[in-house]
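*Asks:* This is the content of my_file-v3.cif (mmCIF, C-alpha atoms):
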```
data_structure
loop_
_atom_site.label_atom_id
_atom_site.label_comp_id
_atom_site.auth_asym_id
_atom_site.auth_seq_id
_atom_site.Cartn_x
_atom_site.Cartn_y
_atom_site.Cartn_z
CA ASN F 1 89.41 154.84 62.65
CA ALA F 2 87.85 154.95 66.10
CA GLY F 3 85.47 152.21 67.05
CA VAL F 4 82.36 152.55 69.16
CA MET F 5 83.11 154.69 72.20
CA GLN F 6 81.33 154.40 75.50
CA ASN F 7 81.77 156.40 78.66
CA PRO F 8 82.15 156.13 81.44
CA ARG F 9 83.67 152.67 81.49
CA HIS F 10 82.76 152.22 85.14
CA LEU F 11 79.99 154.01 87.00
CA VAL F 12 79.05 153.72 90.64
CA ARG F 13 75.74 155.13 91.80
CA ARG F 14 73.84 154.98 95.07
CA ARG F 15 70.28 153.76 95.05
CA GLY F 16 67.93 156.52 93.93
CA GLN F 17 70.50 158.41 91.87
CA GLU F 18 70.48 158.81 88.10
CA ALA F 19 72.86 157.07 85.73
CA ARG F 20 73.72 158.47 82.31
CA LEU F 21 75.56 156.25 79.87
CA ARG F 22 76.97 157.65 76.64
CA CYS F 23 77.69 155.99 73.34
CA SER F 24 79.32 157.40 70.22
CA PRO F 25 78.86 155.10 67.23
CA MET F 26 81.50 154.31 64.67
CA LYS F 27 82.01 156.97 62.04
CA GLY F 28 79.43 156.59 59.32
CA HIS F 29 77.08 154.49 61.44
CA SER F 30 73.62 155.85 62.08
CA HIS F 31 72.08 152.84 63.85
CA VAL F 32 72.65 152.38 67.57
CA TYR F 33 71.60 149.54 69.86
CA TRP F 34 71.75 149.20 73.62
CA TYR F 35 72.10 145.87 75.42
CA ARG F 36 72.28 144.86 79.04
CA GLN F 37 74.39 141.97 80.27
CA LEU F 38 74.19 140.49 83.73
CA PRO F 39 77.15 138.43 85.03
CA GLU F 40 77.34 135.03 83.34
CA GLU F 41 74.32 135.94 81.20
CA GLY F 42 73.74 136.70 77.56
CA LEU F 43 73.04 140.04 75.96
CA LYS F 44 69.52 141.35 76.40
CA PHE F 45 68.34 143.79 73.75
CA MET F 46 66.99 147.03 75.16
CA VAL F 47 66.50 149.61 72.43
CA TYR F 48 67.34 150.42 68.82
CA LEU F 49 67.69 154.02 67.68
CA GLN F 50 68.49 155.98 64.60
CA LYS F 51 69.28 159.67 64.66
CA GLU F 52 66.44 161.43 66.50
CA ASN F 53 64.22 158.35 66.35
CA ILE F 54 63.51 155.36 68.55
CA ILE F 55 62.89 152.45 66.20
CA ASP F 56 62.35 149.61 68.65
CA GLU F 57 62.21 149.90 72.42
CA SER F 58 60.58 146.55 73.09
CA GLY F 59 63.37 145.53 75.47
CA MET F 60 63.31 148.65 77.61
CA PRO F 61 61.76 148.49 81.07
CA LYS F 62 58.60 150.57 81.13
CA GLU F 63 59.73 152.81 83.95
CA ARG F 64 62.92 154.67 84.85
CA PHE F 65 64.73 153.85 81.59
CA SER F 66 64.93 156.11 78.56
CA ALA F 67 67.20 156.47 75.55
CA GLU F 68 67.87 159.09 72.95
CA PHE F 69 70.10 159.63 69.94
CA PRO F 70 70.07 163.32 69.12
CA LYS F 71 70.98 164.86 65.80
CA GLU F 72 74.26 166.01 67.28
CA GLY F 73 76.20 164.17 69.95
CA PRO F 74 76.23 160.71 71.43
CA SER F 75 73.38 158.38 72.20
CA ILE F 76 72.38 158.48 75.87
CA LEU F 77 70.89 155.71 77.98
CA ARG F 78 69.39 157.22 81.11
CA ILE F 79 68.38 155.28 84.19
CA GLN F 80 66.50 157.24 86.82
CA GLN F 81 66.30 156.29 90.49
CA VAL F 82 68.64 153.34 90.10
CA VAL F 83 68.13 150.18 92.13
CA ARG F 84 70.56 147.37 92.93
CA GLY F 85 69.03 145.22 90.20
CA ASP F 86 70.23 147.75 87.60
CA SER F 87 73.83 146.72 88.27
CA ALA F 88 75.07 145.22 85.02
CA ALA F 89 77.26 145.85 82.00
CA TYR F 90 75.56 148.03 79.41
CA PHE F 91 76.85 147.66 75.88
CA CYS F 92 76.19 149.92 72.97
CA ALA F 93 76.58 148.70 69.40
CA SER F 94 76.34 150.41 66.05
CA SER F 95 75.88 149.35 62.46
CA GLN F 96 75.85 151.14 59.14
CA SER F 97 72.47 149.68 58.32
CA PRO F 98 69.87 147.76 60.31
CA GLY F 99 71.54 144.95 62.25
CA GLN F 100 69.58 142.30 60.44
CA THR F 101 71.84 142.65 57.45
CA TYR F 102 75.06 144.01 58.85
CA GLU F 103 77.20 143.10 61.77
CA GLN F 104 77.04 145.16 64.90
CA TYR F 105 80.18 146.71 66.33
CA PHE F 106 80.18 146.81 70.10
CA GLY F 107 81.70 149.36 72.41
CA PRO F 108 83.72 148.41 75.50
CA GLY F 109 80.67 148.74 77.72
CA THR F 110 79.80 150.65 80.87
CA ARG F 111 79.89 148.63 84.09
CA LEU F 112 77.25 150.09 86.37
CA THR F 113 77.37 149.29 90.06
CA VAL F 114 74.54 150.41 92.31
CA THR F 115 75.40 150.51 95.99
CA GLY E 1 58.29 135.77 71.33
CA GLN E 2 61.23 134.43 69.44
CA GLN E 3 63.84 132.58 71.47
CA VAL E 4 67.38 131.57 70.66
CA MET E 5 68.84 128.80 72.74
CA GLN E 6 72.44 127.71 72.96
CA ILE E 7 74.01 124.58 74.34
CA PRO E 8 76.10 123.78 76.20
CA GLN E 9 76.26 126.67 78.63
CA TYR E 10 79.83 125.78 79.63
CA GLN E 11 82.51 123.70 77.98
CA HIS E 12 85.90 122.83 79.44
CA VAL E 13 88.41 121.26 77.06
CA GLN E 14 92.04 120.34 77.02
CA GLU E 15 94.12 122.33 74.57
CA GLY E 16 94.10 120.53 71.25
CA GLU E 17 90.62 119.07 71.68
CA ASP E 18 87.72 120.09 69.46
CA PHE E 19 84.78 122.19 70.59
CA THR E 20 81.24 122.64 69.27
CA THR E 21 78.43 124.93 70.35
CA TYR E 22 74.87 124.64 69.06
CA CYS E 23 72.25 127.29 68.52
CA ASN E 24 68.52 126.67 68.05
CA SER E 25 65.76 129.12 67.26
CA SER E 26 62.07 128.75 67.93
CA THR E 27 61.34 130.34 64.54
CA THR E 28 62.95 130.43 61.11
CA LEU E 29 65.76 132.95 60.90
CA SER E 30 66.59 135.20 57.98
CA ASN E 31 70.22 135.04 59.02
CA ILE E 32 72.37 134.21 62.01
CA GLN E 33 75.41 135.97 63.38
CA TRP E 34 78.13 134.70 65.70
CA TYR E 35 80.05 136.80 68.21
CA LYS E 36 82.91 136.11 70.60
CA GLN E 37 83.37 137.84 73.94
CA ARG E 38 86.66 137.47 75.78
CA PRO E 39 86.55 137.58 79.61
CA GLY E 40 86.05 141.18 80.67
CA GLY E 41 85.69 142.29 77.07
CA HIS E 42 82.94 143.13 74.64
CA PRO E 43 81.31 141.04 71.91
CA VAL E 44 83.18 140.94 68.62
CA PHE E 45 81.51 139.95 65.39
CA LEU E 46 82.80 136.71 63.87
CA ILE E 47 80.56 135.85 60.94
CA GLN E 48 77.10 135.98 59.41
CA LEU E 49 75.31 133.09 57.72
CA VAL E 50 72.40 133.77 55.38
CA LYS E 51 71.73 130.81 53.11
CA SER E 52 70.08 127.54 54.03
CA GLY E 53 72.73 124.88 54.60
CA GLU E 54 75.55 127.41 54.38
CA VAL E 55 78.98 126.45 55.70
CA LYS E 56 81.75 128.97 56.26
CA LYS E 57 85.26 128.50 57.58
CA GLN E 58 87.66 130.84 59.30
CA LYS E 59 90.92 129.00 59.90
CA ARG E 60 90.06 126.49 62.67
CA LEU E 61 86.46 127.71 63.02
CA THR E 62 83.62 126.17 60.99
CA PHE E 63 80.15 127.70 61.01
CA GLN E 64 77.02 125.97 59.74
CA PHE E 65 73.47 127.14 59.14
CA GLY E 66 70.81 124.44 59.14
CA GLU E 67 68.73 123.55 56.12
CA ALA E 68 65.57 124.80 57.82
CA LYS E 69 67.38 127.98 58.97
CA LYS E 70 66.40 127.28 62.57
CA ASN E 71 69.71 126.05 63.89
CA SER E 72 73.40 126.73 63.61
CA SER E 73 76.66 125.45 64.97
CA LEU E 74 80.20 126.63 65.55
CA HIS E 75 82.97 124.07 65.59
CA ILE E 76 86.54 124.81 66.62
CA THR E 77 89.20 122.30 65.66
CA ALA E 78 92.21 121.80 67.92
CA THR E 79 91.41 124.48 70.47
CA GLN E 80 94.08 126.89 71.67
CA THR E 81 94.19 129.00 74.82
CA THR E 82 93.42 132.04 72.67
CA ASP E 83 89.99 130.54 71.94
CA VAL E 84 88.90 131.13 75.54
CA GLY E 85 85.76 133.23 75.82
CA THR E 86 82.01 133.12 75.40
CA TYR E 87 80.55 132.45 71.97
CA PHE E 88 77.14 133.90 71.20
CA CYS E 89 74.81 133.27 68.32
CA ALA E 90 72.27 135.94 67.42
CA GLY E 91 69.27 135.78 65.15
CA TYR E 92 67.05 138.41 63.67
CA GLY E 93 64.15 139.01 66.05
CA GLY E 94 61.36 140.03 63.74
CA SER E 95 61.54 143.78 64.09
CA GLN E 96 64.07 145.80 62.22
CA GLY E 97 67.50 145.51 63.75
CA ASN E 98 66.40 143.61 66.83
CA LEU E 99 68.92 140.78 67.13
CA ILE E 100 68.03 138.08 69.65
CA PHE E 101 71.13 136.71 71.35
CA GLY E 102 71.50 133.26 72.81
CA LYS E 103 72.89 133.02 76.34
CA GLY E 104 76.23 131.92 74.98
CA THR E 105 78.62 129.04 75.50
CA LYS E 106 81.55 129.77 77.76
CA LEU E 107 84.66 127.96 76.61
CA SER E 108 87.64 127.36 78.85
CA VAL E 109 90.80 125.71 77.54
CA LYS E 110 93.27 123.98 79.80
CA PRO E 111 96.85 124.19 78.55
#
```
Now that the file is in, can you turn its structure into structure tokens?

*Replies:*
Amino acid sequence: NAGVMQNPRHLVRRRGQEARLRCSPMKGHSHVYWYRQLPEEGLKFMVYLQKENIIDESGMPKERFSAEFPKEGPSILRIQQVVRGDSAAYFCASSQSPGQTYEQYFGPGTRLTVT
Amino acid sequence: GQQVMQIPQYQHVQEGEDFTTYCNSSTTLSNIQWYKQRPGGHPVFLIQLVKSGEVKKQKRLTFQFGEAKKNSSLHITATQTTDVGTYFCAGYGGSQGNLIFGKGTKLSVKP
């Protein structure tokens, strides 16, 4: 019974490159959430997706960031032209129903370092 | 927008002492969830509170939801070194599935 999978676990990118973060939800879960966590900070909501739909992207920066959750395959968080300020831990979580009612199961995170 | 605040930000205790973290929301919550994140790890769900005035216990952990559903607390009795980590509360943010997390309380326990 695999939990939420994220890869890569660590990602190093130079300024200006693209970062692609992948998340496979728990089996049977169709709701995926992405969060960003800076060192010593809390979790900042970025985006909530269901299969093929973005439900809430109110926490996503307007530029350079995008997310998708295709019918087949993992959810992808894409950061274009990364800057040093993008360095953070990015966590994906999934739930079987909207997170308001059910707990969210978090993946191990991707630690992004921009050099 | 809705805000969820937690205090204290840090708490250092001697093993065996009690610990409490408090969570306050700027608006009424439909429910509140608590998560624990070990150093270097990821958040792990602990519990959800839904009813006004609800109290739930998990061994040495006691969770409370305020009568007005705007505040909550987590109390740990007789802390152990395994309790080390950051405890987050999270409330429903008004749009479907958008949990608002507090900044967390980082607990360290001295043996």

*Asks:* Using only C-alpha atoms, pick whichever of E:Tyr10, E:Ser52, E:Gln37, E:Val4 has the shortest atom-to-atom distance to Asp83 (chain E).

*Replies:*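 Smallest separation from Asp83 (chain E) among the options: E:Gln37.
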
*Asks:* Using all atoms listed in the file, I'd like a table of the residues in region 39-109 of chain F that come within 12 Å of region 97-101 of chain E; for each, show the closest atom pair and its distance in Å rounded to one decimal, ordered by chain and ascending number, as a tab-separated table.

*Replies:*
```
residue	atom	partner	partner_atom	distance
F:Glu41	CA	E:Phe101	CA	10.4
F:Gly42	CA	E:Phe101	CA	6.7
F:Leu43	CA	E:Phe101	CA	6.0
F:Lys44	CA	E:Phe101	CA	7.0
F:Phe45	CA	E:Ile100	CA	7.0
F:Met46	CA	E:Asn98	CA	9.0
F:Val47	CA	E:Asn98	CA	8.2
F:Tyr48	CA	E:Gly97	CA	7.1
F:Leu49	CA	E:Gly97	CA	9.4
F:Gln50	CA	E:Gly97	CA	10.6
F:Ile54	CA	E:Gly97	CA	11.7
F:Ile55	CA	E:Gly97	CA	8.7
F:Asp56	CA	E:Asn98	CA	7.5
F:Glu57	CA	E:Asn98	CA	9.4
F:Ser58	CA	E:Asn98	CA	9.0
F:Gly59	CA	E:Asn98	CA	9.4
F:Ala93	CA	E:Gly97	CA	11.2
F:Ser94	CA	E:Gly97	CA	10.4
F:Ser95	CA	E:Gly97	CA	9.3
F:Gln96	CA	E:Gly97	CA	11.1
F:Ser97	CA	E:Gly97	CA	8.5
F:Pro98	CA	E:Gly97	CA	4.7
F:Gly99	CA	E:Gly97	CA	4.3
F:Gln100	CA	E:Gly97	CA	5.1
F:Thr101	CA	E:Gly97	CA	8.2
F:Tyr102	CA	E:Gly97	CA	9.1
F:Glu103	CA	E:Leu99	CA	10.1
F:Gln104	CA	E:Leu99	CA	9.5
```

*Asks:* Give me the residues near Lys51 (chain E) as a list in words, where near means some atom within 10 Å (using all atoms listed in the file) and where sequence neighbours in that chain fewer than 6 positions away do not count.

*Replies:* Ser30, Asn31, Ile32, Gln64, Phe65, Gly66, Glu67, Ala68 and Lys69 of chain E

*Asks:* Please write as a PyMOL selection string the full residue list that the PyMOL selection byres ((chain E) within 10 of (chain F)) yields on this file.

*Replies:* chain E and resi 9+30-35+40-48+50+86-106

*Asks:* Which distance in Å separates CA of Pro70 (chain F) and CA of Thr110 (chain F), to one decimal?

*Replies:*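 Distance reported for this atom pair: 19.8 Å.
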
*Asks:* Any chance you could work out the residue set of the PyMOL selection byres ((chain E and resi 62) around 9) here, as a list in words?

*Replies:* Val55, Lys56, Lys57, Gln58, Lys59, Arg60, Leu61, Phe63, Gln64, Ser73, Leu74, His75, Ile76 and Thr77 of chain E

*Asks:* Go ahead and compute the interatomic distance for CA of Pro39 (chain E) and CA of Val84 (chain E), in Å to one decimal.

*Replies:*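 So the answer is 8.0 Å.
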
*Asks:* Evaluate the PyMOL selection byres ((chain E and resi 22) around 7) here and jot the selected residues down as a list in words.

*Replies:*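 Selected by the PyMOL selection byres ((chain E and resi 22) around 7) here: Gln6, Ile7, Thr20, Thr21, Cys23, Asn24, Ser72, Ser73 and Leu74 of chain E.
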
*Asks:* So, counting only C-alpha atoms, which residue among F:Gly3, F:Pro8, F:Gly16, F:Pro39 is closest to Thr115 (chain F)?

*Replies:*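 Under the stated criterion, the closest residue is F:Gly16.
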
*Asks:* Quick check, in Å to one decimal: how far apart do CA of Val13 (chain E) and CA of Ser26 (chain E) lie?

*Replies:* 28.9 Å

*Asks:* Could you list, as a list in words, every residue within 6 Å of Val4 (chain F), counting all atoms listed in the file and ignoring same-chain residues fewer than 2 positions away?

*Replies:*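 Near Val4 (chain F), the qualifying residues are Ser24, Pro25, Met26 and Gly107 of chain F.
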